[in-house]
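Worksheet for the structure shown next.
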Amino acid sequence: MIKLLRQGPKYLFLGIFAIFSIFPLYFMLVSATNSSKDVLDSRLLPGGELFANFAKLTGAQNLWGAMWASFIVAVGITVLALIVCSVAGYGFEVFHSKGKDRLMAVLLLAMMIPFAATMVPLFQLFSRVGLVNSLVAVIIPAISTPFLILLFRQASRGFPHEIIEAARIDGLSELSIFARIYVPTMRSTFAAAAVITFMTAWNNFLWPKVILVNNAFQTMPMLISNLSAGYVTDYGVLMLAVLLASLPTMVIFLILQRAFAQGITGAIK
Amino acid sequence: MRSISKRTIATLAVLLPLSLALGACSGGGDNTGDAGSGGGDDNTLTVWTWDPTFNIYAMEEAEKIYQKDHPDFTLDIVETPWEDLQTKLTTLAQSGQTGELPDIFLMQNNAFQKNGINYPELFSPIAADAVDFSEFPSAVTAYSTIDGTNYGVPFDAGTAVTALRTDVLEQAGYTVADFTDITWDDFIAKGKEVLAKTGKPLLSGQAGSSDLIMMMLQSAGASLFDDDGKPTITDNATLEAAINVYTQLVKDGILVEVNSWDEYIGTLVNGTAAATVNGIWIIGSIQSAADQSGKWAITNLPKLDGVSGATNYSANGGSSWAISANANVDLATDFLASTFAGSTELYDTILPKSGAVANWIPAGESTVYQEPSEFFGGQKIFADVVAFGADVPSNNTGAYYYEGRDAVSAALTQIIGGADTASALAEAQANVEFAMQ
Amino acid sequence: MTLSVTRSGRNRKEQPLSASVNGPRPWLTGERRRSLTGWGFLLPAALLILVFSFIPMIQALFLSLQTGRGAGLKFADPLWTNYARLMQDETFKLTLQNTFIYLIIQVPVMLILALVLANLLNDRNLRFKGIWRTAIFLPCAVSLVAYSLVFRTLFAADGFVNDMLSGLGIIDAPVNWLGDPGTARFVIILGLLWRWTGYNMVFFLAALQNIDYSSIEAAKVDGANAWQTFWRVTVPQLKPMILLTAIMSTNGTLQMFDESWALTRGGPGYMTMSMSHYLYEVSFLKNPNFGYAAAISYVILILVAVLAFIQLKVGDKRD
């Protein structure tokens with residue numbers, strides 16, 4: 001009984017924060033089922049317009065095309081980024097040297113410049129090799145980010161080197177050590193990185209919009225931008241589109257969350 | 001063994017998205033086959049524009065009309081929001097990649113000077129003998145005219161109107177006629193009556209938005225820039241008059257300020273405001289409130305008192321079709337000339353469905369424009385708007401138009417907050433001059 | 001010589017194991033080979049960043065030394081004209097001030113919140129963990145357009161927040177959230193907190209998985225309460241991750257664009273505009289001045305770099 005009381009503040013705090021987080025999403029969900037007028041009225045109860053809104057949405061926009069394009073881009077970036085950056089982060093930490101530290105600092109510089117400033121030179125780069133309007137061009141610049149490398153480097157700090165030494169003595173190659181020992185152990189970091197990378201890739205707006213100049217492909221954020229660009233905006237349809245756009249990231253999170261929140265003890269052993 | 005299957009999975013995980021992406025790359029290649037390159041299909045034009053119910057719909061109808069005489073003609077319309085379109089144009093021009101431009105793109109009238117002056121490489125001039133520009137109000141063609149050459153075919157009218165709730169006016173004992181051809185002082189006086197008797201403000205607007213001020217300015221033929229492109233924010237009697245009217249409206253509670261565009265639309269759709277002054281395109285949003293059908297009417301704007309050259313007519317927004325530097329110029333010019341600058345049938349078709357009011361003067365003479373609108377209580381709004389459009393004074397936008405607008409918006413926010421008008425405007429002028437360095 | 005197999009490969013003396021056993025060392029010793037392999041691990045990532053971030057960045061540097069409108073840019077005379085102009089740009093100074101306000105208030109609050117939440121959620125005995133986790137992370141999954149529209153609607157003059165606050169009797173008149181600079185900035189900070197706390201919580205949760213639970217148990221055995229355990233045992237082991245999130249959040253907030261653009265459009269006046277938003281305006285919305293925009297971006301870069309450097313120096317301790 002006393003234990004429950006002591007737990008009380010914890011649950012209260014969590015509860016308040018959870019409501020704070022969820023409430024705007026609830027509003028979004030409800031708005032997707034309401035007419036535009038009701039959304040502007042801040043109506044908080046669900047309405048009956050869900051199917052009508054959906055019909056308007058698919059009628060006005062290429063919903064499935066955009067979903068598919070976003071999906072390819074996000075999955076492509078996530079898989080490639082996880083591979084390239086985890087290997088790099090591991091390399092920075094396990095093969096640590098002062099030189100590598102300096103390189104890390106230099107690479108970090110790359111993420112400190114606002115994208116709007118490097119966008120035009122980057123566009124020029126891709127147009128010179130004829131990759132404008134391709135999904136490849138959307139994916140490639142996003143694969144290697146200093147952030148993800150840093151994440152894996154920091155996460156590797158806690159990884160005990162005795163194991164690596166022991167494996168070396170056993171005759172394993174460095175890559176095998178990485179693949180067979182490091183990866184399974186650092187599952188939680190990989191899962192977290194996967195969720196974050198997917199989410200960032202999925203919601204990325206500026207670069208896809210610029211490099212997909214003729215809209216040969218559209219990503220979901222571009223589709224949503226279309227919906228608010230007219231003289232008249234149907235807010236119910238807009239909210240529905242946004243809801244649908246948010247689903248994949250939520251799903252990925254739901255699938256992967258156990259991996260980084262299992263409360264695994266003695267994982268390293 | 002576990003490690004082998006893991007490796008296989010890992011390999012697949014890499015190959016699958018890569019192959020999808022590469023496949024998508026070539027798929028994209030097919031799609032871009034007829035992207036605006038001048039060397040594309042001789043009978044296809046690519047168009048970049050926004051808004052399916054308005055601009056895109058108009059283009060689709062134009063395609064049908066042109067196909068009557070040119071059956072092999074097709075139009076590839078790519079939906080691109082204006083802001084994104086502007087970003088793309090800038091990026092393409094800055095990086096020298098004008099080969100990616102479409103044949104035709106739509107451009108906001110306010111942005112024409114800025115783009116035309118800074119990035120002439122984006123445009124192809126439109127020959128004066130191909131399109132008869134005298135059939136458009138000169139105020140509108142002025143936007144897309146640079147150094148005497150035309151670069152745009154005007155499309156949708158930003159002609160400003162005062163849209164009023166007739167039922168609310170009735171409650172206060174007024175009709176639409178009481179708001180026609182009046183002055184702002186008169187408007188303020190009547191607005192106070194309406195507020196007292198019905199509790200509703202006549203106007204609503206985004207706080208810090210200078211749209212209304214700009215409309216007032218233009219209604220008197222004044223601008224933020226002079227003919228040489230220098231800012232005229234200080235020593236601008238018309239601007240000061242407009243600001244005084246605005247502050248009076250806010251002070252008397254006749255204009256209620258809201259903080260975002262959606263809120264503004266909300267005030268109209270939910271009946272909080274009893275009227276609004278904006279470009280005619282606002283009726284699209286007004287009409288989304290089906291329950292208000294029959295309760296609206298439109299009329300012209302009040303004019304500024306004590307200002308020479310004041311009229312009851314102005315504009316806000318509007319856009320024109322531009323032909324890109326990468327276009328199949330002959331085809332594009334012929335297409336635009338035959339449709340948007342030459343086909344009453346086109347304008348007749350698009351008017352009822354989309355409310356797209358033409359700038360093209362001959363269009364206004366057709367019977368469709370004489371149709372009464374049920375939503376607006378049987379008023380022949382389109383005929384009225386076309387008539388208004390002919391009397392709109394022109395204004396100077398110039399390449400620094402947005403800087404000027406934003407500086408005035410910021411000054412307005414300060415003035416509403418109590419700052420002295422003269423000093424706020426002086427600061428705005430200084431800011432614009434700084435930005436023009 | 002002594003064979004020293006230390007716990008970490010980091011501080012080892014440069015004596016390969018093989019030296020005492022195999023006689024004179026060949027050039028490609030295990031040590032060197034390993035070091036080269038290490039560099040090999042980094043290569044793909046570093047190359048990608050070099051090509052797609054560094055080269056554009058250097059081009060931006062050259063741009064920042066040029067003046068002119070549109071695509072007709074020439075090197076300025078003197079070279080630092082754009083930077084000098086920045087010093088006199090009142091609007092830029094305002095955006096600088098705004099961005100720093102966001103940085104100083106939002107980042108510490110957010111990181112502490114994320115830390116506390118992650119720790120709470122790491123408790124084995126906590127019920128409904130999945131629900132809390134999902135609820136707190138979900139804001140990140142929502143696209144910007146949505147949440148800005150929702151926030152604007154909620155904080156409108158007749159919106160839900162005002163209704164609720166007056167219903168509870170906390171305020172007398174509706175607060176003009178987005179129309180007053182102070183409260184508008186507050187809304188942005190609230191938006192940032194709402195959106196990014198869950199994001200950082202995810203990293204802390206992952207890091208907590210790798211903490212040896214026995215160290216926490218040992219503390220409990222020694223009589224420490226939850227608070228002390230948290231600060232003296234958990235947090236020190238989380239230092240690498242805290243450093244990461246601190247650098248990332250500082251970077252993210254100093255470069256913040258989305259919220260300023262979508263929530264308030266920088267309004268009222270320019271009172272909530274961030275530096276990146278101003279940068280975007282100068283490039284794409286106003287009369288394009290890419291040289292000046294590049295200069296703004298480099299000022300942002302220098303600020304972020306200085307702060308990151310400080311954070312690294314302070315927090316990046318290897319034991």
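Residues in the structure tokens are named by chain (A, B, ... in the order shown) and by number from 1 within that chain; ligands are numbered from 1 in the order shown.
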
When you look at region 189-202 of chain A with a cut-off of 6 Å (counting only C-alpha atoms), what residues show up, excluding the ones that are within fewer than 4 positions of it in the same chain? I need them as a short mmCIF file (atom, residue, chain, number, x, y, z; two decimals) with N, CA and C atoms, in the first residue's frame.
```
data_model
loop_
_atom_site.label_atom_id
_atom_site.label_comp_id
_atom_site.auth_asym_id
_atom_site.auth_seq_id
_atom_site.Cartn_x
_atom_site.Cartn_y
_atom_site.Cartn_z
N ALA A 74 12.86 6.50 -47.00
CA ALA A 74 13.12 6.35 -45.57
C ALA A 74 13.81 5.02 -45.27
N THR A 78 17.58 4.64 -43.88
CA THR A 78 17.76 4.02 -42.57
C THR A 78 18.73 2.85 -42.64
N THR A 249 5.97 6.17 -39.05
CA THR A 249 6.94 6.37 -37.98
C THR A 249 6.42 5.79 -36.67
N PHE A 253 8.19 2.80 -34.53
CA PHE A 253 8.49 2.99 -33.12
C PHE A 253 7.89 1.85 -32.30
N LEU A 256 9.89 -1.30 -32.72
CA LEU A 256 11.27 -1.33 -32.22
C LEU A 256 11.43 -0.93 -30.76
N ALA C 206 17.93 4.10 -24.46
CA ALA C 206 18.87 3.15 -25.05
C ALA C 206 20.14 3.07 -24.22
#
```

task: Starting from chain C, keep only residues with some atom at most 7 Å from an atom of chain A, counting only C-alpha atoms, and report them as a PyMOL selection string.
output: chain C and resi 7-10+35+38-39+41-42+44-45+48-49+52-54+56-57+59-60+122+124+132+135-136+138-139+141-143+146+150+153+159+194+202-203+205-207+209+212-213+240-241+244+251+255+276+280+293-294+297-298+300-301+304-305

- prompt: Can you tell me how far CA of Gly294 (chain B) sits from CA of Val168 (chain B), in Å to one decimal?
  reply: 12.2 Å

query: Given a cut-off of 6 Å, which residues of chain A touch chain B, counting only C-alpha atoms, written out as a PyMOL selection string?
result: chain A and resi 40+76+120+124+134-136+210+216+226+229-230+232

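Interatomic distance, CA of Leu227 (chain A) to CA of Thr33 (chain A): 16.4 Å.
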
Closest atom pairs, chain C residues within 9 Å of chain B, only C-alpha atoms, as a tab-separated table:
```
residue	atom	partner	partner_atom	distance
C:Arg69	CA	B:Asn118	CA	6.3
C:Gly70	CA	B:Asn118	CA	4.7
C:Ala71	CA	B:Gln94	CA	5.1
C:Gly72	CA	B:Asn118	CA	8.4
C:Arg85	CA	B:Phe434	CA	8.9
C:Gln88	CA	B:Phe434	CA	8.9
C:Asp89	CA	B:Phe434	CA	7.6
C:Glu90	CA	B:Asn431	CA	8.0
C:Thr91	CA	B:Asn431	CA	8.2
C:Leu149	CA	B:Asp262	CA	8.3
C:Arg152	CA	B:Ser260	CA	7.4
C:Thr153	CA	B:Glu263	CA	7.4
C:Ala156	CA	B:Asn259	CA	7.1
C:Ala157	CA	B:Val258	CA	7.4
C:Asn176	CA	B:Asn259	CA	8.4
C:Trp177	CA	B:Asn259	CA	8.6
C:Leu178	CA	B:Asn259	CA	6.0
C:Gly179	CA	B:Asn259	CA	6.1
C:Leu263	CA	B:Ser260	CA	8.9
C:Thr264	CA	B:Ser260	CA	7.8
C:Arg265	CA	B:Ser260	CA	8.9
C:Gly267	CA	B:Gly208	CA	7.7
C:Pro268	CA	B:Gly208	CA	6.4
C:Gly269	CA	B:Ala410	CA	4.3
C:Tyr270	CA	B:Ala410	CA	7.1
C:Ser283	CA	B:Thr90	CA	8.2
C:Phe284	CA	B:Thr87	CA	5.8
C:Leu285	CA	B:Tyr402	CA	7.5
C:Lys286	CA	B:Tyr402	CA	5.6
C:Asn287	CA	B:Tyr400	CA	5.9
C:Pro288	CA	B:Asn118	CA	7.7
C:Phe290	CA	B:Gln94	CA	8.6
```

message: So the first atom is CA of Met87 (chain C) and the second is CA of His277 (chain C); what is the distance between them in Å, to one decimal place?
response: 17.8 Å
